[in-house]
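Raw work_13.txt, compact mmCIF, C-alpha atoms:
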# COMPACT_ATOMS: atom_id res chain seq x y z
CA MET G 1 -138.49 -132.93 56.68
CA GLU G 2 -141.75 -131.55 58.14
CA LYS G 3 -142.98 -130.19 54.82
CA GLN G 4 -142.13 -133.21 52.63
CA LYS G 5 -142.87 -135.83 55.33
CA VAL G 6 -139.49 -137.54 55.05
CA SER G 7 -137.11 -138.91 57.67
CA PHE G 8 -133.60 -137.59 58.20
CA GLU G 9 -132.31 -140.49 56.11
CA GLY G 10 -134.46 -139.24 53.24
CA VAL G 11 -132.68 -135.89 53.08
CA PHE G 12 -129.96 -136.27 50.46
CA ASP G 13 -128.43 -132.79 50.54
CA VAL G 14 -127.30 -132.69 54.18
CA PHE G 15 -123.83 -132.64 52.67
CA ALA G 16 -123.16 -130.99 49.32
CA ILE G 17 -120.27 -129.93 47.15
CA ARG G 18 -120.28 -127.43 44.31
CA PHE G 19 -118.03 -127.35 41.26
CA ILE G 20 -117.66 -123.87 39.72
CA ILE G 21 -116.01 -123.83 36.30
CA ASP G 22 -114.18 -120.70 35.17
CA CYS G 23 -114.72 -120.50 31.41
CA ASP G 24 -115.98 -118.30 28.60
CA SER G 25 -119.72 -117.47 28.65
CA ASP G 26 -120.48 -119.56 25.59
CA ARG G 27 -123.51 -121.84 25.92
CA THR G 28 -121.99 -124.78 24.09
CA THR G 29 -118.67 -124.53 25.95
CA GLU G 30 -120.41 -124.19 29.32
CA SER G 31 -122.66 -127.17 28.70
CA ASP G 32 -119.82 -129.41 27.47
CA LEU G 33 -117.60 -128.62 30.46
CA CYS G 34 -120.41 -129.13 33.01
CA TRP G 35 -121.24 -132.55 31.57
CA LYS G 36 -117.51 -133.41 31.48
CA VAL G 37 -117.25 -132.73 35.23
CA TYR G 38 -120.44 -134.75 35.68
CA SER G 39 -118.78 -137.74 33.96
CA TYR G 40 -115.74 -137.47 36.26
CA VAL G 41 -117.96 -137.49 39.36
CA THR G 42 -120.17 -140.39 38.26
CA GLU G 43 -117.14 -142.49 37.29
CA GLU G 44 -115.82 -142.23 40.82
CA TYR G 45 -119.09 -142.44 42.77
CA GLU G 46 -122.38 -144.34 42.41
CA ALA G 47 -125.01 -141.97 41.01
CA ASP G 48 -128.74 -141.94 41.75
CA THR G 49 -129.98 -141.01 38.25
CA SER G 50 -133.55 -140.55 39.50
CA ARG G 51 -132.34 -137.44 41.30
CA LEU G 52 -130.56 -135.91 38.31
CA ARG G 53 -131.70 -132.31 37.73
CA ASP G 54 -130.61 -130.78 34.42
CA TRP G 55 -131.24 -127.05 34.74
CA ILE G 56 -128.65 -126.27 32.08
CA SER G 57 -130.64 -127.67 29.16
CA ASN G 58 -133.87 -126.41 30.74
CA PRO G 59 -133.18 -123.44 33.07
CA LYS G 60 -135.71 -122.57 35.78
CA SER G 61 -138.22 -119.76 35.15
CA ASN G 62 -136.05 -117.41 37.23
CA GLY G 63 -133.02 -118.16 35.03
CA TYR G 64 -131.25 -120.55 37.43
CA GLU G 65 -128.84 -122.93 35.65
CA SER G 66 -126.97 -125.86 37.17
CA LEU G 67 -126.50 -129.63 37.09
CA HIS G 68 -127.55 -131.44 40.28
CA ILE G 69 -126.82 -135.10 40.98
CA THR G 70 -126.92 -137.19 44.15
CA VAL G 71 -124.10 -139.73 44.60
CA LYS G 72 -123.18 -142.34 47.22
CA ASN G 73 -119.67 -143.06 48.47
CA LYS G 74 -118.23 -146.47 49.39
CA SER G 75 -119.49 -146.22 52.97
CA GLY G 76 -123.06 -145.57 51.78
CA ALA G 77 -123.23 -141.86 52.63
CA TYR G 78 -125.13 -139.60 50.20
CA ILE G 79 -123.93 -136.25 48.98
CA GLU G 80 -125.45 -133.74 46.55
CA VAL G 81 -123.17 -132.46 43.80
CA GLN G 82 -123.85 -129.15 42.01
CA ILE G 83 -121.99 -128.36 38.78
CA ARG G 84 -122.11 -124.94 37.10
CA THR G 85 -119.98 -122.24 35.53
CA LYS G 86 -118.85 -118.98 37.05
CA ARG G 87 -121.56 -117.08 35.13
CA MET G 88 -124.25 -119.51 36.37
CA ASP G 89 -122.97 -119.17 39.93
CA ASN G 90 -123.04 -115.39 39.68
CA LEU G 91 -126.69 -115.64 38.62
CA ALA G 92 -127.52 -117.99 41.51
CA GLU G 93 -125.76 -115.77 44.07
CA ASN G 94 -126.69 -112.31 42.82
CA GLY G 95 -130.13 -112.92 41.37
CA LEU G 96 -131.74 -112.03 38.06
CA ALA G 97 -129.93 -108.74 37.46
CA SER G 98 -126.78 -110.47 36.19
CA HIS G 99 -128.91 -112.83 34.12
CA TRP G 100 -130.68 -109.93 32.36
CA SER G 101 -127.34 -108.22 31.69
CA TYR G 102 -125.99 -111.42 30.19
CA LYS G 103 -129.08 -111.80 28.00
CA GLY G 104 -128.82 -108.20 26.78
CA ILE G 105 -132.42 -107.40 27.67
CA LYS G 106 -133.41 -103.78 26.98
CA LYS G 107 -132.65 -101.41 29.90
CA SER G 108 -130.90 -104.26 31.73
CA ALA G 109 -128.06 -101.93 32.77
CA GLU G 110 -130.49 -99.57 34.51
CA LEU G 111 -132.26 -102.44 36.24
CA ASP G 112 -128.99 -104.15 37.14
CA GLY G 113 -127.64 -101.01 38.75
CA TRP G 114 -130.81 -100.52 40.77
CA LEU G 115 -130.98 -104.10 42.07
CA SER G 116 -127.26 -104.19 42.82
CA SER G 117 -127.49 -100.97 44.81
CA VAL G 118 -130.48 -102.29 46.76
CA ARG G 119 -128.52 -105.43 47.64
CA TYR G 120 -125.53 -103.36 48.71
CA GLN G 121 -127.72 -101.23 50.99
CA LEU G 122 -129.19 -104.32 52.62
CA GLU G 123 -125.69 -105.66 53.27
CA HIS G 124 -124.29 -102.27 54.36
CA PRO G 125 -127.24 -100.38 55.90
CA PHE G 126 -125.10 -97.63 57.44
CA GLU G 127 -122.97 -96.84 54.40
CA SER G 128 -125.66 -95.71 51.94
CA LYS G 129 -128.74 -93.53 51.88
CA ALA G 130 -132.01 -94.49 50.20
CA GLU G 131 -132.23 -91.15 48.35
CA ASP G 132 -128.87 -91.83 46.72
CA LEU G 133 -130.00 -95.10 45.16
CA PRO G 134 -130.86 -95.33 41.45
CA LYS G 135 -134.58 -95.52 40.76
CA PRO G 136 -136.18 -98.56 39.07
CA PRO G 137 -137.41 -98.16 35.45
CA ALA G 138 -140.49 -95.91 35.43
CA ASN G 139 -142.52 -97.99 32.96
CA GLU G 140 -142.18 -101.28 34.85
CA ILE G 141 -142.81 -102.61 38.33
CA PHE G 142 -141.25 -105.64 40.00
CA VAL G 143 -143.47 -107.71 42.27
CA PHE G 144 -143.11 -111.11 43.86
CA THR G 145 -145.15 -114.24 44.42
CA PRO G 146 -145.41 -115.57 47.99
CA THR G 147 -142.63 -118.05 47.10
CA GLY G 148 -140.30 -115.24 46.05
CA GLU G 149 -140.62 -115.55 42.26
CA LEU G 150 -140.13 -112.21 40.55
CA ARG G 151 -142.73 -110.95 38.04
CA ILE G 152 -142.17 -107.91 35.81
CA LEU G 153 -145.37 -105.99 35.02
CA GLN G 154 -146.28 -102.78 33.27
CA ALA G 155 -146.50 -99.73 35.50
CA GLY G 156 -150.06 -99.28 36.72
CA ALA G 157 -150.72 -103.04 36.76
CA THR G 158 -153.34 -104.34 39.19
CA VAL G 159 -153.93 -107.54 41.11
CA LEU G 160 -155.92 -108.77 38.12
CA ASP G 161 -152.96 -108.17 35.76
CA PHE G 162 -150.75 -110.13 38.15
CA ALA G 163 -153.20 -113.06 38.23
CA PHE G 164 -153.32 -113.27 34.41
CA ASN G 165 -149.52 -112.95 34.29
CA ILE G 166 -149.25 -116.11 36.37
CA HIS G 167 -151.91 -118.18 34.55
CA THR G 168 -155.02 -117.49 32.46
CA GLY G 169 -157.15 -119.87 34.53
CA LEU G 170 -156.12 -118.12 37.75
CA GLY G 171 -156.88 -114.75 36.20
CA CYS G 172 -160.39 -115.82 35.16
CA ARG G 173 -161.17 -117.08 38.68
CA CYS G 174 -159.53 -114.18 40.53
CA THR G 175 -161.69 -112.71 43.30
CA GLY G 176 -159.07 -110.52 44.95
CA GLY G 177 -155.63 -110.74 46.49
CA ARG G 178 -153.34 -110.01 49.39
CA ILE G 179 -150.63 -107.41 49.01
CA ASN G 180 -147.98 -107.79 51.71
CA GLY G 181 -150.55 -109.75 53.73
CA LYS G 182 -153.36 -107.20 53.40
CA ALA G 183 -156.58 -108.25 51.59
CA VAL G 184 -157.38 -106.06 48.57
CA SER G 185 -159.75 -106.04 45.57
CA ILE G 186 -158.85 -107.27 42.10
CA LYS G 187 -158.45 -103.69 40.81
CA GLU G 188 -155.90 -102.66 43.45
CA PRO G 189 -152.76 -101.20 41.78
CA LEU G 190 -149.39 -102.78 42.53
CA HIS G 191 -146.02 -101.23 43.31
CA THR G 192 -142.45 -102.41 43.06
CA GLY G 193 -141.50 -104.67 45.94
CA ASP G 194 -145.05 -105.87 46.68
CA ILE G 195 -145.54 -109.52 47.58
CA VAL G 196 -148.82 -110.56 45.99
CA GLU G 197 -150.99 -113.57 46.72
CA ILE G 198 -153.99 -114.25 44.50
CA MET G 199 -157.36 -115.39 45.87
CA SER G 200 -159.74 -117.22 43.54
CA GLY G 201 -163.22 -118.75 43.46
CA LYS G 202 -164.47 -121.59 41.29
CA ASN G 203 -167.68 -119.69 40.42
CA GLN G 204 -165.90 -116.45 39.47
CA LYS G 205 -166.14 -115.34 35.83
CA PRO G 206 -164.80 -112.31 33.94
CA ASN G 207 -167.16 -109.44 33.16
CA ALA G 208 -166.88 -106.39 30.92
CA ASP G 209 -165.82 -104.15 33.85
CA TRP G 210 -162.58 -106.11 34.11
CA LEU G 211 -161.34 -104.47 30.91
CA ASN G 212 -161.23 -101.18 32.83
CA TRP G 213 -159.07 -102.68 35.58
CA VAL G 214 -156.15 -104.09 33.59
CA VAL G 215 -153.32 -102.46 31.65
CA SER G 216 -151.50 -105.44 30.13
CA ALA G 217 -152.31 -106.63 26.62
CA LYS G 218 -152.25 -110.27 27.74
CA ALA G 219 -154.91 -109.71 30.41
CA ARG G 220 -157.14 -107.67 28.05
CA ASN G 221 -156.97 -110.28 25.29
CA LYS G 222 -157.72 -113.16 27.65
CA ILE G 223 -160.68 -111.31 29.20
CA LYS G 224 -162.12 -110.54 25.75
CA LEU G 225 -161.82 -114.20 24.75
CA GLU G 226 -163.62 -115.30 27.92
CA LEU G 227 -166.37 -112.72 27.45
CA ASP G 228 -166.87 -113.83 23.84
CA ALA G 229 -167.12 -117.46 24.95
CA GLU G 230 -169.69 -116.49 27.59
CA VAL G 231 -171.81 -114.61 25.03
CA ARG G 232 -171.74 -117.60 22.68
CA LYS G 233 -172.81 -119.85 25.53
CA LYS G 234 -175.74 -117.54 26.30
CA ALA G 235 -176.60 -117.35 22.60
CA ALA G 236 -176.84 -121.14 22.38
CA HIS G 237 -179.13 -121.14 25.41
CA GLY G 238 -181.27 -118.34 23.95
CA ARG G 239 -181.61 -120.14 20.62
CA GLU G 240 -182.65 -123.31 22.45
CA ILE G 241 -185.35 -121.39 24.35
CA LEU G 242 -186.65 -119.76 21.15
CA ASN G 243 -186.71 -123.00 19.13
CA ARG G 244 -188.51 -124.85 21.91
CA ARG G 245 -191.21 -122.19 22.25
CA LEU G 246 -191.66 -121.90 18.47
CA LYS G 247 -192.04 -125.67 18.23
CA ASN G 248 -194.74 -125.60 20.92
CA TRP G 249 -196.55 -122.84 19.03
CA LYS G 250 -196.02 -124.63 15.69
CA MET G 251 -194.49 -121.46 14.30
CA GLU G 252 -191.35 -120.57 12.36
CA LEU G 253 -189.11 -117.49 12.36
CA PRO G 254 -187.83 -116.98 8.78
CA ASP G 255 -184.43 -115.36 8.33
CA ASP G 256 -185.93 -112.22 6.77
CA LEU G 257 -188.19 -111.66 9.79
CA LEU G 258 -185.32 -112.38 12.17
CA HIS G 259 -183.01 -109.87 10.50
CA ALA G 260 -185.77 -107.27 10.28
CA MET G 261 -186.37 -107.57 14.01
CA MET G 262 -182.62 -107.43 14.72
CA HIS G 263 -182.36 -104.28 12.61
CA HIS G 264 -185.26 -102.68 14.48
CA LEU G 265 -183.78 -103.50 17.89
CA LYS G 266 -180.24 -102.45 16.88
CA TYR G 267 -178.60 -105.89 17.18
CA SER G 268 -175.71 -106.32 14.77
CA SER G 269 -175.35 -110.10 15.08
CA VAL G 270 -177.53 -113.16 15.63
CA ILE G 271 -175.27 -114.17 18.54
CA SER G 272 -175.95 -110.96 20.49
CA PHE G 273 -179.67 -111.20 19.66
CA MET G 274 -179.94 -114.78 20.96
CA ALA G 275 -177.88 -113.89 24.04
CA ALA G 276 -180.42 -111.13 24.79
CA ILE G 277 -183.18 -113.77 24.71
CA SER G 278 -181.22 -115.84 27.23
CA ASP G 279 -180.83 -112.77 29.48
CA GLU G 280 -184.59 -112.06 29.06
CA VAL G 281 -183.85 -108.64 27.57
CA ILE G 282 -185.96 -109.76 24.61
CA SER G 283 -189.23 -111.55 25.36
CA VAL G 284 -190.06 -114.67 23.33
CA ASP G 285 -193.73 -113.64 23.53
CA ASP G 286 -192.87 -110.38 21.74
CA ILE G 287 -191.19 -112.40 18.99
CA LYS G 288 -194.37 -114.48 18.70
CA ASN G 289 -196.47 -111.33 18.33
CA TYR G 290 -194.11 -110.03 15.68
CA ILE G 291 -194.32 -113.26 13.66
CA GLN G 292 -198.12 -113.14 13.80
CA ASN G 293 -198.24 -109.49 12.74
CA PRO G 294 -195.00 -108.43 11.02
CA GLU G 295 -196.43 -105.02 10.20
CA LEU G 296 -196.49 -104.12 13.90
CA LEU G 297 -193.27 -104.38 15.87
CA VAL G 298 -194.44 -104.65 19.46
CA ILE G 299 -190.98 -104.09 20.91
CA ARG G 300 -189.82 -100.49 20.83
CA ASN G 301 -186.58 -99.28 22.28
CA SER G 302 -186.10 -95.89 23.84
CA HIS G 303 -184.13 -94.57 20.89
CA GLN G 304 -186.98 -95.21 18.50
CA GLU G 305 -189.57 -93.77 20.87
CA GLU G 306 -187.48 -90.62 21.20
CA LYS G 307 -187.06 -90.46 17.45
CA LYS G 308 -190.84 -90.79 17.02
CA GLU G 309 -191.48 -87.94 19.46
CA ASN G 310 -188.96 -85.60 17.86
CA LYS G 311 -189.67 -86.30 14.19
CA LYS G 312 -191.26 -83.68 11.93
CA GLU G 313 -195.02 -83.43 11.82
CA TRP G 314 -196.45 -85.64 9.10
CA VAL G 315 -198.72 -84.11 6.51
CA ALA G 316 -202.42 -84.61 7.16
CA ASN G 317 -204.55 -87.32 5.50
CA GLU G 318 -205.28 -85.19 2.48
CA GLU G 319 -201.52 -84.85 1.85
CA ILE G 320 -201.11 -88.50 0.86
CA LEU G 321 -202.30 -89.84 -2.47
CA VAL G 322 -202.89 -93.58 -3.00
CA ILE G 323 -203.07 -94.30 -6.71
CA ASN G 324 -204.51 -97.34 -8.46
CA ALA G 325 -206.44 -98.21 -5.34
CA LYS G 326 -210.08 -97.39 -5.78
CA GLY G 327 -212.08 -97.24 -2.63
CA VAL G 328 -209.14 -97.16 -0.22
CA ARG G 329 -208.49 -93.40 -0.10
CA GLY G 330 -210.71 -93.02 2.92
CA LEU G 331 -209.10 -95.82 4.90
CA GLU G 332 -206.99 -95.04 7.94
CA TYR G 333 -203.23 -95.17 7.32
CA ARG G 334 -200.21 -95.24 9.58
CA MET G 335 -196.46 -94.98 9.25
CA SER G 336 -194.88 -98.39 9.78
CA ALA G 337 -192.75 -98.68 12.92
CA CYS G 338 -190.29 -101.09 11.29
CA CYS G 339 -188.81 -98.47 8.92
CA ASN G 340 -190.21 -95.09 10.12
CA PRO G 341 -190.83 -93.48 6.70
CA GLN G 342 -190.68 -89.70 6.47
CA TYR G 343 -192.11 -87.24 3.99
CA GLY G 344 -190.20 -87.46 0.73
CA ASP G 345 -189.05 -91.11 1.12
CA LYS G 346 -189.82 -93.60 -1.62
CA VAL G 347 -192.70 -95.56 -0.11
CA PHE G 348 -195.46 -98.07 -0.79
CA GLY G 349 -198.68 -98.92 1.04
CA PHE G 350 -199.60 -102.28 2.50
CA VAL G 351 -203.26 -103.00 3.27
CA THR G 352 -203.53 -104.73 6.65
CA ARG G 353 -206.53 -106.60 8.01
CA THR G 354 -207.12 -104.46 11.07
CA GLU G 355 -205.06 -101.26 10.86
CA GLY G 356 -205.86 -99.83 7.46
CA ILE G 357 -202.90 -99.00 5.22
CA LYS G 358 -199.38 -99.20 6.59
CA ILE G 359 -196.83 -97.01 4.81
CA HIS G 360 -193.40 -98.65 4.34
CA ARG G 361 -190.19 -97.34 2.80
CA GLU G 362 -189.13 -99.10 -0.39
CA ASP G 363 -185.91 -100.17 1.34
CA CYS G 364 -187.74 -101.47 4.43
CA PRO G 365 -186.32 -104.83 5.65
CA ASN G 366 -189.84 -106.27 5.41
CA ALA G 367 -190.47 -104.99 1.86
CA PRO G 368 -189.21 -108.05 -0.13
CA ARG G 369 -191.25 -110.47 1.97
CA LEU G 370 -194.46 -108.40 1.86
CA LYS G 371 -194.26 -107.85 -1.90
CA ASP G 372 -193.45 -111.49 -2.59
CA LYS G 373 -196.11 -113.08 -0.34
CA TYR G 374 -198.90 -110.50 -0.58
CA PRO G 375 -198.57 -108.66 -3.92
CA TYR G 376 -202.34 -108.13 -4.08
CA ARG G 377 -202.20 -106.04 -0.87
CA VAL G 378 -199.42 -103.73 -2.03
CA GLN G 379 -200.48 -100.25 -3.22
CA LYS G 380 -198.49 -97.59 -4.95
CA VAL G 381 -198.16 -94.44 -2.88
CA LEU G 382 -197.18 -90.89 -3.77
CA TRP G 383 -196.70 -87.98 -1.43
CA GLN G 384 -198.95 -85.01 -2.19
CA GLU G 385 -196.90 -81.85 -2.46
CA LYS G 386 -197.21 -79.56 0.54
CA LYS G 387 -199.04 -76.31 -0.05
So, in terms of C-alpha cells, how does the structure I just supplied come out?
Amino acid sequence: MEKQKVSFEGVFDVFAIRFIIDCDSDRTTESDLCWKVYSYVTEEYEADTSRLRDWISNPKSNGYESLHITVKNKSGAYIEVQIRTKRMDNLAENGLASHWSYKGIKKSAELDGWLSSVRYQLEHPFESKAEDLPKPPANEIFVFTPTGELRILQAGATVLDFAFNIHTGLGCRCTGGRINGKAVSIKEPLHTGDIVEIMSGKNQKPNADWLNWVVSAKARNKIKLELDAEVRKKAAHGREILNRRLKNWKMELPDDLLHAMMHHLKYSSVISFMAAISDEVISVDDIKNYIQNPELLVIRNSHQEEKKENKKEWVANEEILVINAKGVRGLEYRMSACCNPQYGDKVFGFVTRTEGIKIHREDCPNAPRLKDKYPYRVQKVLWQEKK
C-alpha cells in the first residue's frame, strides 16, 4: 500500500485461493486444463478481466508460470485466484532448479543438486555441513539483481559483464556498481551469491580498455559496436573540419594525395584518418603544407624517423647517375620521404623548384600523379654501381 500508493480497498489479493492441477507435464495439456479451471471460476464469479495475468502463454523471465485472475463474489468481496499445474507450482515453490531440470538444460542435474542442497541447509542448519555440499558448476557463477532476479554469467565475469547482461544501454553507461552493498569499480570480478546493483552516468561512454575487463561475448561485441560508432562520429567531425578549412584556403585534397598521406602515416582507412584529425593527432595545417608541396611530407612519425636513422648509408653524389638530363648532374638531390628509396630500388628523379632533384621509387604512391601532371620534370635515374 505504501509503495503503490493505494488504499486497503485497492489491494485485491488480501484473500487468495490457488488451484493446483495434477497432470502430465505436457505443455498443451497443462494449458488446456488451466484454462478449463479458469472457465469454471469465471462462470461462477464476476471476473475483473483487466487484472488477468497470463504467465502460462508468456512465462516470466525467471520461468514462473501461472494464471492469475481477480474475481468478486455476490457480497462484493474481491479474491485473487491462481491456477497452475503441479510442475508449475514446484517451480514457484522451489525456484529455478526444477525449471532447468524440466527444460533439460546442460548440467542442470549438477546445478539442481547444488541449489537443492543449499535450500536444505538453510531449512535445516544443524543437520548439514557446508563442506559436504555439492559445489556449483566451475565455469559459471550465479548472481542476483537487487530485486532477487537470478543471472547466470561466465566464471570470471565482472560488474561490466553483469551490466551488459541486463541491458546494452545500461552496460554502455555503467560507471561502477555495488556488490552486497559495497561500492566497487566496473572491472570488479563477481562471485556466486553476490547481489549486484549497477551504477550509471548519462555521460559515460565505452572505451577500448573495457575490452580487457569483460569475459562474455555479448559484452565484447556490444563494446566493439559502440567504439566503432564513436570512431565514425569522430571521423564525420574530422572530415567537416578538414572540408571547412580547405574551403577557406580555396584548396582541394585529391584522393591520390589523401591515400599517399594515409600510407605515409600508417592509417589503413579514411575513417581512422579523419578521426585522428578530430582528435588533433593530425594537424590540418600539416595537410595544407603537404598539398602545397607533395614532395615533402612535413609530418613524420617516430617509426619513419627511426627507420631513417638506422638505414644503410647512401652512396655519395658521384654514385648516382642522372641520364638524359643535361645540366642537372650537379644539382642537389635528396631521397623522398614519402617512399624512402634505397640503393637498388627502381627509381626516378623529380626536379623540384627549391630542393633540387627528389628521388622517388617507381611504386611510390605519388608517382602516378607526378608523372601525369609534371612529365617534363621527371628524369630517368640509374644507380651507379658501387666500387
Just to confirm, what's the straight-line distance from atom CA of Gly177 of chain G to atom CA of Met199 of chain G in Å (one decimal)?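 Rounded to one decimal, the two atoms are 5.0 Å apart.
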Box in all listed atoms of segment 339-357 of chain G, axis-aligned, with 5 Å more on each side; write out centre and edge lengths in Å to one decimal as lines of an AutoDock Vina configuration file.
center_x = -198.0
center_y = -96.9
center_z = 4.7
size_x = 28.3
size_y = 29.4
size_z = 22.7
In terms of the shortest atom-to-atom distance over all atoms listed in the file, which of G:Asp89, G:Asn73, G:Val81, G:Tyr290 is closest to Ile20 of chain G?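 The answer is G:Asp89, which sits nearest to Ile20 of chain G.
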Contacts of Glu197 of chain G at 7 Å or less, counting all atoms listed in the file, minus same-chain residues fewer than 6 places along, as a ChimeraX atom specification? /G:145-146,177-179
Do a neighbour search on Ala92 of chain G at 8 Å with all atoms listed in the file, toss out local chain neighbours closer than 4 positions, and write the hits as a VMD selection string. chain G and resid 64 to 65 88
Generate the output file for the selected residues, C-alpha atoms, as a PDB file, in the frame of the given file.
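Final file, out_39.pdb:
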ATOM      1  CA  TYR G  64    -131.250-120.550  37.430  1.00  0.00           C
ATOM      2  CA  GLU G  65    -128.840-122.930  35.650  1.00  0.00           C
ATOM      3  CA  MET G  88    -124.250-119.510  36.370  1.00  0.00           C
TER       4      MET G  88
END
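Distances here use all atoms listed in the file; by that measure, the residue among G:Ile357, G:Leu91, G:Val11, G:Ala219 closest to Ala77 of chain G is G:Val11.
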Shell of 12 Å around segment 270-272 of chain G, all atoms listed in the file, local chain residues under 2 positions omitted, as a PDB file with C-alpha atoms, in the frame of the given file:
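Just written: out24.pdb:
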ATOM      1  CA  LEU G 227    -166.370-112.720  27.450  1.00  0.00           C
ATOM      2  CA  ASP G 228    -166.870-113.830  23.840  1.00  0.00           C
ATOM      3  CA  ALA G 229    -167.120-117.460  24.950  1.00  0.00           C
ATOM      4  CA  GLU G 230    -169.690-116.490  27.590  1.00  0.00           C
ATOM      5  CA  VAL G 231    -171.810-114.610  25.030  1.00  0.00           C
ATOM      6  CA  ARG G 232    -171.740-117.600  22.680  1.00  0.00           C
ATOM      7  CA  LYS G 233    -172.810-119.850  25.530  1.00  0.00           C
ATOM      8  CA  LYS G 234    -175.740-117.540  26.300  1.00  0.00           C
ATOM      9  CA  ALA G 235    -176.600-117.350  22.600  1.00  0.00           C
ATOM     10  CA  ALA G 236    -176.840-121.140  22.380  1.00  0.00           C
ATOM     11  CA  HIS G 237    -179.130-121.140  25.410  1.00  0.00           C
ATOM     12  CA  GLY G 238    -181.270-118.340  23.950  1.00  0.00           C
ATOM     13  CA  ARG G 239    -181.610-120.140  20.620  1.00  0.00           C
ATOM     14  CA  ASP G 255    -184.430-115.360   8.330  1.00  0.00           C
ATOM     15  CA  LEU G 258    -185.320-112.380  12.170  1.00  0.00           C
ATOM     16  CA  HIS G 259    -183.010-109.870  10.500  1.00  0.00           C
ATOM     17  CA  ALA G 260    -185.770-107.270  10.280  1.00  0.00           C
ATOM     18  CA  MET G 261    -186.370-107.570  14.010  1.00  0.00           C
ATOM     19  CA  MET G 262    -182.620-107.430  14.720  1.00  0.00           C
ATOM     20  CA  HIS G 263    -182.360-104.280  12.610  1.00  0.00           C
ATOM     21  CA  LEU G 265    -183.780-103.500  17.890  1.00  0.00           C
ATOM     22  CA  LYS G 266    -180.240-102.450  16.880  1.00  0.00           C
ATOM     23  CA  TYR G 267    -178.600-105.890  17.180  1.00  0.00           C
ATOM     24  CA  SER G 268    -175.710-106.320  14.770  1.00  0.00           C
ATOM     25  CA  MET G 274    -179.940-114.780  20.960  1.00  0.00           C
ATOM     26  CA  ALA G 275    -177.880-113.890  24.040  1.00  0.00           C
ATOM     27  CA  ALA G 276    -180.420-111.130  24.790  1.00  0.00           C
ATOM     28  CA  ILE G 277    -183.180-113.770  24.710  1.00  0.00           C
ATOM     29  CA  SER G 278    -181.220-115.840  27.230  1.00  0.00           C
ATOM     30  CA  ASP G 279    -180.830-112.770  29.480  1.00  0.00           C
ATOM     31  CA  VAL G 281    -183.850-108.640  27.570  1.00  0.00           C
ATOM     32  CA  ILE G 282    -185.960-109.760  24.610  1.00  0.00           C
TER      33      ILE G 282
END
If you count only C-alpha atoms, the residue of G:Lys5, G:Arg18, G:Lys288, G:Lys380 closest to Trp249 of chain G turns out to be G:Lys288
Thr192 of chain G surroundings by all atoms listed in the file, 6 Å radius, close-in-sequence under 4 positions cut, as an NGL selection string: :G and (141-143)
Between atom CA of Glu140 of chain G and atom CA of Ala155 of chain G - distance in Å to one decimal: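 Distance reported for this atom pair: 4.6 Å.
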Return the single residue from G:Gly181, G:Gly10, G:Gly171, G:Gly63 that is closest to Ile195 of chain G, with distances computed using all atoms listed in the file.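 So, comparing all the options, the nearest one is G:Gly181.
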Option closest in space to Asp48 of chain G, from G:Arg27, G:Lys72, G:Lys3, G:Lys371 [counting only C-alpha atoms]: G:Lys72
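Taking atom CA of Leu242 of chain G as the reference point, atom CA of Ile287 of chain G is found at 8.9 Å.
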